[in-house]
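Encoded as structure tokens, the structure appears first; notes follow it.
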Amino acid sequence: VNEGGGTLVGGPESTLMIPAVLYPVTSEMRVYTEEQFGPVIPIVPYTDLETDVVPYARDGDYGQQVAIFTSENYDSNDNVPSILDRFAPIFGKININQQCGRS
């Protein structure tokens with residue numbers, strides 16, 4: 001937040017563990033590269049899967065799960081097979097238009 005992202009939801013106003021949703025998160029912010037151990041949801045907007053998302057995923061230190069939210073219904077989205085193909089070797093679990101969860 002100190003680096004330019006805003007808190008959309010949550011924060012320190014109560015003892016209820018409401019997640020802090022941070023947007024927009026950029027590659028210059030610590031939250032972009034550090035693993036989250038608290039109720040923090042960094043949202044990183046992207047334009048192109050191949051140039052914006054794949055290099056981050058491939059070069060990152062963490063690869064347990066990924067959640068990708070699209071603006072389209074993924075049942076009819078032609079990009080879903082390519083998303084799965086690109087991320088299957090990188091992440092243990094891929095969530096499309098669903099939150100990450102324990103398996």
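The way I read the labels, and the way they are meant: chains A, B, ... in the order of the structure tokens, residue 1 as the first residue of every chain, and ligand 1 as the first ligand shown, with later ones counted on from there.
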Contact residues around A:Ala67 with only C-alpha atoms at 12 Å, ignoring same-chain residues under 3 positions, as a PyMOL selection string: chain A and resi 41-44+53+57+63-64+70+83-84+87+91-101
Writing out the chosen residues with C-alpha atoms as a tab-separated table (two decimals), in the first residue's frame:
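Output saved as selection-v8.tsv:
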chain	number	residue	atom	x	y	z
A	41	ILE	CA	-5.05	-10.73	-2.16
A	42	PRO	CA	-2.78	-8.86	-4.58
A	43	ILE	CA	-4.47	-8.25	-7.94
A	44	VAL	CA	-2.15	-7.77	-10.90
A	53	VAL	CA	1.89	-13.71	-17.04
A	57	ALA	CA	5.08	-17.59	-13.36
A	63	GLY	CA	4.42	-22.28	-7.74
A	64	GLN	CA	1.84	-24.02	-5.61
A	70	THR	CA	-10.94	-13.75	-17.11
A	83	ILE	CA	-3.70	-21.49	-20.24
A	84	LEU	CA	-3.72	-25.05	-18.92
A	87	PHE	CA	0.79	-23.41	-16.56
A	91	PHE	CA	1.91	-24.81	-10.92
A	92	GLY	CA	0.52	-27.69	-8.88
A	93	LYS	CA	-3.07	-26.42	-9.17
A	94	ILE	CA	-4.67	-24.09	-11.70
A	95	ASN	CA	-7.89	-22.23	-10.85
A	96	ILE	CA	-9.72	-20.46	-13.66
A	97	ASN	CA	-12.37	-17.98	-12.53
A	98	GLN	CA	-12.22	-19.58	-9.06
A	99	GLN	CA	-10.31	-18.69	-5.91
A	100	CYS	CA	-7.34	-20.72	-4.77
A	101	GLY	CA	-8.25	-23.31	-2.19
Within 10 Å of A:Pro39 using only C-alpha atoms, minus same-chain residues under 2 positions, as a list in words: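 Listing them by chain and then by number gives Gly10, Gly11, Met17, Ile18, Pro19, Ala20, Val21, Gln36, Phe37, Ile41 and Pro42 of chain A.
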Give me a file of those residues, with N, CA and C atoms, as a PDB file, in the first residue's frame.
ATOM      1  N   GLY A  10     -11.106  -4.658   3.420  1.00  0.00           N
ATOM      2  CA  GLY A  10     -10.386  -5.178   4.577  1.00  0.00           C
ATOM      3  C   GLY A  10      -9.390  -4.196   5.151  1.00  0.00           C
ATOM      4  N   GLY A  11      -8.507  -4.742   5.949  1.00  0.00           N
ATOM      5  CA  GLY A  11      -7.521  -3.919   6.613  1.00  0.00           C
ATOM      6  C   GLY A  11      -7.617  -4.085   8.111  1.00  0.00           C
ATOM      7  N   MET A  17     -10.775 -11.475  10.313  1.00  0.00           N
ATOM      8  CA  MET A  17      -9.715 -11.612   9.316  1.00  0.00           C
ATOM      9  C   MET A  17     -10.264 -11.445   7.904  1.00  0.00           C
ATOM     10  N   ILE A  18     -10.657 -10.251   7.577  1.00  0.00           N
ATOM     11  CA  ILE A  18     -11.111  -9.932   6.227  1.00  0.00           C
ATOM     12  C   ILE A  18      -9.867  -9.704   5.380  1.00  0.00           C
ATOM     13  N   PRO A  19      -9.799 -10.309   4.200  1.00  0.00           N
ATOM     14  CA  PRO A  19      -8.597 -10.121   3.390  1.00  0.00           C
ATOM     15  C   PRO A  19      -8.464  -8.682   2.905  1.00  0.00           C
ATOM     16  N   ALA A  20      -7.237  -8.236   2.839  1.00  0.00           N
ATOM     17  CA  ALA A  20      -6.939  -6.944   2.234  1.00  0.00           C
ATOM     18  C   ALA A  20      -6.727  -7.196   0.744  1.00  0.00           C
ATOM     19  N   VAL A  21      -7.577  -6.618  -0.083  1.00  0.00           N
ATOM     20  CA  VAL A  21      -7.485  -6.770  -1.528  1.00  0.00           C
ATOM     21  C   VAL A  21      -6.713  -5.572  -2.057  1.00  0.00           C
ATOM     22  N   GLN A  36       2.498 -14.814   0.168  1.00  0.00           N
ATOM     23  CA  GLN A  36       1.556 -14.271   1.142  1.00  0.00           C
ATOM     24  C   GLN A  36       1.252 -15.295   2.224  1.00  0.00           C
ATOM     25  N   PHE A  37       1.358 -14.894   3.486  1.00  0.00           N
ATOM     26  CA  PHE A  37       1.020 -15.759   4.608  1.00  0.00           C
ATOM     27  C   PHE A  37      -0.122 -15.186   5.433  1.00  0.00           C
ATOM     28  N   ILE A  41      -4.790 -10.330  -0.778  1.00  0.00           N
ATOM     29  CA  ILE A  41      -5.046 -10.728  -2.157  1.00  0.00           C
ATOM     30  C   ILE A  41      -4.508  -9.634  -3.072  1.00  0.00           C
ATOM     31  N   PRO A  42      -3.294  -9.828  -3.622  1.00  0.00           N
ATOM     32  CA  PRO A  42      -2.781  -8.859  -4.580  1.00  0.00           C
ATOM     33  C   PRO A  42      -3.378  -9.133  -5.960  1.00  0.00           C
TER      34      PRO A  42
END
Could you pull the residues within 12 Å of A:Ser71, counting only C-alpha atoms, minus those fewer than 6 positions along the same chain, as an mmCIF file with C-alpha atoms, in the first residue's frame?
data_model
loop_
_atom_site.group_PDB
_atom_site.id
_atom_site.type_symbol
_atom_site.label_atom_id
_atom_site.label_comp_id
_atom_site.auth_asym_id
_atom_site.auth_seq_id
_atom_site.Cartn_x
_atom_site.Cartn_y
_atom_site.Cartn_z
ATOM 1 C CA PRO A 45 -3.862 -6.681 -14.116
ATOM 2 C CA TYR A 46 -2.449 -8.145 -17.314
ATOM 3 C CA THR A 47 -2.913 -7.589 -21.023
ATOM 4 C CA ASN A 77 -13.277 -19.455 -23.885
ATOM 5 C CA ASN A 79 -7.893 -19.634 -24.366
ATOM 6 C CA ILE A 96 -9.723 -20.458 -13.664
ATOM 7 C CA ASN A 97 -12.372 -17.979 -12.531
#
Backbone-only DSSP, helix (DSSP H, G or I) members of chain A, as a list in words: Arg30, Val31, Tyr32, Thr33, Leu49, Glu50, Thr51, Asp52, Val53, Val54, Pro55, Tyr56, Ala57, Arg58, Asp59, Tyr74, Asp75, Ser76, Val80, Pro81, Ser82, Ile83, Leu84, Asp85, Arg86 and Phe87 of chain A
DSSP strand (DSSP E) residues within stretch 42-83 of chain A, listed as a list in words: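 So the strand (DSSP E) residues in stretch 42-83 of chain A would be Pro42, Gln65, Val66, Ala67 and Ile68 of chain A.
The space separating atom CA of A:Gly6 from atom CA of A:Pro24 comes to 7.1 Å.
Going from atom CA of A:Thr7 over to atom CA of A:Val80, you cover 29.9 Å.
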